[in-house]
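Q: What follows is the file model-v3.pdb, containing PDB, C-alpha atoms:
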MODEL        1
ATOM      1  CA  MET A   1      89.145  38.063  -3.598
ATOM      2  CA  ARG A   2      87.484  40.539  -1.279
ATOM      3  CA  ALA A   3      83.813  41.428  -1.667
ATOM      4  CA  ASP A   4      84.536  44.938  -2.963
ATOM      5  CA  GLU A   5      86.903  43.513  -5.608
ATOM      6  CA  TYR A   6      84.286  40.964  -6.615
ATOM      7  CA  LEU A   7      81.573  43.619  -6.975
ATOM      8  CA  ALA A   8      83.898  45.831  -9.015
ATOM      9  CA  ALA A   9      84.693  42.896 -11.312
ATOM     10  CA  LEU A  10      80.972  42.289 -11.848
ATOM     11  CA  GLU A  11      80.623  45.758 -13.300
ATOM     12  CA  THR A  12      82.967  44.824 -16.153
ATOM     13  CA  LEU A  13      80.872  41.869 -17.307
ATOM     14  CA  PRO A  14      78.845  42.298 -20.492
ATOM     15  CA  ILE A  15      75.108  42.524 -19.991
ATOM     16  CA  ALA A  16      72.653  41.166 -22.529
ATOM     17  CA  GLY A  17      68.979  40.438 -22.388
ATOM     18  CA  LEU A  18      67.627  36.913 -22.484
ATOM     19  CA  ALA A  19      66.620  37.343 -26.124
ATOM     20  CA  ALA A  20      70.295  37.778 -27.052
ATOM     21  CA  LEU A  21      71.175  34.291 -25.836
ATOM     22  CA  PRO A  22      70.888  31.565 -28.470
ATOM     23  CA  GLY A  23      68.886  28.364 -28.141
ATOM     24  CA  GLY A  24      66.845  26.873 -25.380
ATOM     25  CA  PHE A  25      67.455  26.320 -21.688
ATOM     26  CA  VAL A  26      67.891  23.383 -19.358
ATOM     27  CA  VAL A  27      67.229  24.087 -15.699
ATOM     28  CA  VAL A  28      68.906  21.553 -13.425
ATOM     29  CA  ALA A  29      67.288  21.799  -9.997
ATOM     30  CA  PRO A  30      68.915  20.059  -7.022
ATOM     31  CA  HIS A  31      65.550  19.628  -5.239
ATOM     32  CA  PRO A  32      61.889  19.897  -6.154
ATOM     33  CA  ASP A  33      60.863  23.594  -5.947
ATOM     34  CA  ASP A  34      64.352  24.923  -6.747
ATOM     35  CA  GLU A  35      63.348  25.161 -10.405
ATOM     36  CA  SER A  36      60.480  27.551  -9.707
ATOM     37  CA  LEU A  37      61.935  29.429  -6.745
ATOM     38  CA  GLY A  38      65.385  29.843  -8.286
ATOM     39  CA  CYS A  39      64.614  30.011 -12.015
ATOM     40  CA  GLY A  40      60.901  30.746 -12.299
ATOM     41  CA  CYS A  41      61.410  34.108 -14.010
ATOM     42  CA  LEU A  42      63.927  32.607 -16.431
ATOM     43  CA  ILE A  43      61.513  29.807 -17.325
ATOM     44  CA  ALA A  44      58.570  32.177 -17.850
ATOM     45  CA  GLN A  45      60.615  34.643 -19.930
ATOM     46  CA  ALA A  46      62.181  31.921 -22.055
ATOM     47  CA  LEU A  47      58.764  30.451 -22.806
ATOM     48  CA  LYS A  48      57.445  33.917 -23.626
ATOM     49  CA  LEU A  49      60.265  34.183 -26.173
ATOM     50  CA  ARG A  50      59.207  30.771 -27.539
ATOM     51  CA  ARG A  51      62.411  29.094 -26.420
ATOM     52  CA  GLU A  52      62.532  25.440 -25.501
ATOM     53  CA  VAL A  53      62.860  24.822 -21.777
ATOM     54  CA  ARG A  54      63.522  21.558 -20.000
ATOM     55  CA  VAL A  55      63.622  21.032 -16.247
ATOM     56  CA  ILE A  56      65.533  18.241 -14.569
ATOM     57  CA  VAL A  57      64.963  17.710 -10.844
ATOM     58  CA  VAL A  58      67.906  15.769  -9.484
ATOM     59  CA  SER A  59      66.905  14.621  -5.983
ATOM     60  CA  ASP A  60      63.622  13.337  -4.613
ATOM     61  CA  GLY A  61      63.482  16.112  -1.985
ATOM     62  CA  CYS A  62      62.565  13.666   0.753
ATOM     63  CA  ALA A  63      65.174  14.763   3.302
ATOM     64  CA  SER A  64      62.944  17.724   4.178
ATOM     65  CA  HIS A  65      60.727  15.575   6.430
ATOM     66  CA  PRO A  66      62.831  12.678   7.733
ATOM     67  CA  ASN A  67      60.924  10.110   9.776
ATOM     68  CA  SER A  68      57.591  11.879   9.199
ATOM     69  CA  ARG A  69      54.590   9.678   9.867
ATOM     70  CA  LEU A  70      52.293  11.991   7.941
ATOM     71  CA  TYR A  71      54.630  12.157   4.931
ATOM     72  CA  PRO A  72      56.616   8.931   4.599
ATOM     73  CA  HIS A  73      59.165   8.813   1.788
ATOM     74  CA  ASP A  74      56.956   7.678  -1.112
ATOM     75  CA  ARG A  75      54.075   9.990  -0.211
ATOM     76  CA  LEU A  76      56.404  12.957   0.230
ATOM     77  CA  ARG A  77      58.081  12.269  -3.105
ATOM     78  CA  ALA A  78      54.695  12.178  -4.838
ATOM     79  CA  VAL A  79      53.630  15.434  -3.166
ATOM     80  CA  ARG A  80      56.889  17.206  -4.045
ATOM     81  CA  GLU A  81      56.667  16.077  -7.671
ATOM     82  CA  GLU A  82      53.031  17.136  -7.980
ATOM     83  CA  GLU A  83      53.880  20.546  -6.487
ATOM     84  CA  THR A  84      56.705  20.906  -9.008
ATOM     85  CA  LEU A  85      54.424  20.059 -11.932
ATOM     86  CA  ARG A  86      51.786  22.530 -10.743
ATOM     87  CA  ALA A  87      54.395  25.274 -10.266
ATOM     88  CA  VAL A  88      55.954  24.906 -13.715
ATOM     89  CA  ALA A  89      52.489  24.704 -15.284
ATOM     90  CA  GLU A  90      51.793  28.135 -13.779
ATOM     91  CA  LEU A  91      54.935  29.327 -15.541
ATOM     92  CA  GLY A  92      53.683  27.855 -18.820
ATOM     93  CA  LEU A  93      55.850  24.735 -19.033
ATOM     94  CA  ALA A  94      54.250  21.452 -20.096
ATOM     95  CA  GLU A  95      54.590  18.442 -17.790
ATOM     96  CA  LYS A  96      56.324  16.446 -20.520
ATOM     97  CA  HIS A  97      59.317  18.811 -20.273
ATOM     98  CA  VAL A  98      59.964  18.037 -16.600
ATOM     99  CA  HIS A  99      62.109  15.050 -15.670
ATOM    100  CA  PHE A 100      62.655  13.650 -12.172
ATOM    101  CA  LEU A 101      65.862  11.694 -11.575
ATOM    102  CA  ARG A 102      64.656  10.741  -8.059
ATOM    103  CA  LEU A 103      68.141  10.442  -6.611
ATOM    104  CA  PRO A 104      68.148  10.330  -2.814
ATOM    105  CA  ASP A 105      68.043  13.782  -1.230
ATOM    106  CA  SER A 106      71.272  14.343   0.755
ATOM    107  CA  GLY A 107      72.722  11.339  -1.068
ATOM    108  CA  VAL A 108      73.234  12.509  -4.639
ATOM    109  CA  PRO A 109      76.519  10.959  -5.792
ATOM    110  CA  LYS A 110      79.373  13.411  -6.272
ATOM    111  CA  GLU A 111      81.950  11.162  -7.904
ATOM    112  CA  GLY A 112      82.479   7.738  -9.360
ATOM    113  CA  GLU A 113      80.282   5.629 -11.595
ATOM    114  CA  GLU A 114      77.010   6.648  -9.876
ATOM    115  CA  ALA A 115      77.780  10.322 -10.461
ATOM    116  CA  GLU A 116      78.725   9.583 -14.074
ATOM    117  CA  ALA A 117      75.458   7.698 -14.562
ATOM    118  CA  ALA A 118      73.495  10.639 -13.147
ATOM    119  CA  ALA A 119      75.339  13.028 -15.483
ATOM    120  CA  ARG A 120      74.499  10.795 -18.470
ATOM    121  CA  ARG A 121      70.824  10.830 -17.466
ATOM    122  CA  ILE A 122      70.877  14.623 -17.320
ATOM    123  CA  ALA A 123      72.576  14.846 -20.717
TER     124      ALA A 123
ENDMDL
END
Just dump the structure as structure tokens.

A:
Amino acid sequence: MRADEYLAALETLPIAGLAALPGGFVVVAPHPDDESLGCGCLIAQALKLRREVRVIVVSDGCASHPNSRLYPHDRLRAVREEETLRAVAELGLAEKHVHFLRLPDSGVPKEGEEAEAAARRIA
């Protein structure tokens, strides 16, 4: 499909406000900060509408600073998680609704039993 065909097809999609969607929301973020950068407005609006929101951060986000002496793996993971919790708190989401799977950044399983186990944890 060419870009112009894709854009024309988008115009035929129904448009509804967030309030028209039933239930709560689960934001599955590949890395720490993706939840707030990619879905921050969705999270804030859903909470404003008194919808339940859960955030699942899949990877530990530690591939961003490989071999860093200042931020070795465990320290970087702690920093990234704390930043995530502070960011979602600004959006109004309680810490208890954020879950970190801590799968290795750049090593999240894509198939097989490990991938199935990750999917079960998300569910």

Q: Taking the file as shown, what set of residues would the PyMOL selection byres ((chain A and resi 90) around 12) give back, as an NGL selection string?

A: :A and (36 or 40-41 or 43-44 or 47 or 83-89 or 91-95)

Q: Take the residues just selected and output them with C-alpha atoms as an mmCIF file, in the frame of the given file.

A:
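Result file follows (selection-v7.cif):
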data_model
loop_
_atom_site.group_PDB
_atom_site.id
_atom_site.type_symbol
_atom_site.label_atom_id
_atom_site.label_comp_id
_atom_site.auth_asym_id
_atom_site.auth_seq_id
_atom_site.Cartn_x
_atom_site.Cartn_y
_atom_site.Cartn_z
ATOM 1 C CA SER A 36 60.480 27.551 -9.707
ATOM 2 C CA GLY A 40 60.901 30.746 -12.299
ATOM 3 C CA CYS A 41 61.410 34.108 -14.010
ATOM 4 C CA ILE A 43 61.513 29.807 -17.325
ATOM 5 C CA ALA A 44 58.570 32.177 -17.850
ATOM 6 C CA LEU A 47 58.764 30.451 -22.806
ATOM 7 C CA GLU A 83 53.880 20.546 -6.487
ATOM 8 C CA THR A 84 56.705 20.906 -9.008
ATOM 9 C CA LEU A 85 54.424 20.059 -11.932
ATOM 10 C CA ARG A 86 51.786 22.530 -10.743
ATOM 11 C CA ALA A 87 54.395 25.274 -10.266
ATOM 12 C CA VAL A 88 55.954 24.906 -13.715
ATOM 13 C CA ALA A 89 52.489 24.704 -15.284
ATOM 14 C CA LEU A 91 54.935 29.327 -15.541
ATOM 15 C CA GLY A 92 53.683 27.855 -18.820
ATOM 16 C CA LEU A 93 55.850 24.735 -19.033
ATOM 17 C CA ALA A 94 54.250 21.452 -20.096
ATOM 18 C CA GLU A 95 54.590 18.442 -17.790
#

Q: Rounded to one decimal place, report the atom CA of A:Ala118-atom CA of A:Pro32 distance in Å.

A: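 Separating atom CA of A:Ala118 from atom CA of A:Pro32 is a distance of 16.4 Å.
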
Q: Using only C-alpha atoms, pick whichever of A:Asp74, A:Glu35, A:Asp4, A:Glu11 has the shortest atom-to-atom distance to A:Pro104.

A: A:Asp74

Q: Interatomic distance between atom CA of A:Arg75 and atom CA of A:Val27?

A: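 Distance reported for this atom pair: 24.7 Å.
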
Q: Identify the residues within 12 Å of coordinate (77.6, 17.4, -14.1) (same frame as the file), considering all atoms listed in the file, and give the answer as a PyMOL selection string.

A: chain A and resi 28-30+58+108-112+114-123

Q: Written as an MDAnalysis selection string, which residues does the PyMOL selection byres ((chain A and resi 55) around 7) give for the file shown?

A: chainID A and resid 26:28 53:54 56:57 97:99

Q: If I take atom CA of A:His31 and atom CA of A:His73, how far is one from the other in Å, to one decimal?

A: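 A separation of 14.4 Å between them.
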
Q: Around all listed atoms of stretch 59-68 of chain A, padded 4 Å per side, what centre and edge lengths does the axis-aligned box have in Å to one decimal, as lines of an AutoDock Vina configuration file?

A:
center_x = 62.2
center_y = 13.9
center_z = 1.9
size_x = 17.3
size_y = 15.6
size_z = 23.8

Q: Would you mind listing what lies within 9 Å of A:Glu52 as a count of residues only, with all atoms listed in the file counted and same-chain residues fewer than 6 positions away left out?

A: 5

Q: Fewer than 5 positions away in the same chain doesn't count, so skip those; otherwise give me all residues within 9 Å of A:Leu18, counting all atoms listed in the file, as a list in words.

A: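 Near A:Leu18, the qualifying residues are Leu42, Gln45, Ala46 and Leu49 of chain A.
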
Q: Identify which of the residues A:Asp33, A:Ala63, A:Glu113, A:Gly107 lies closest to A:Glu82, counting only C-alpha atoms when measuring atom-to-atom distances.

A: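 Answer, going by the shortest atom-to-atom distance: A:Asp33.
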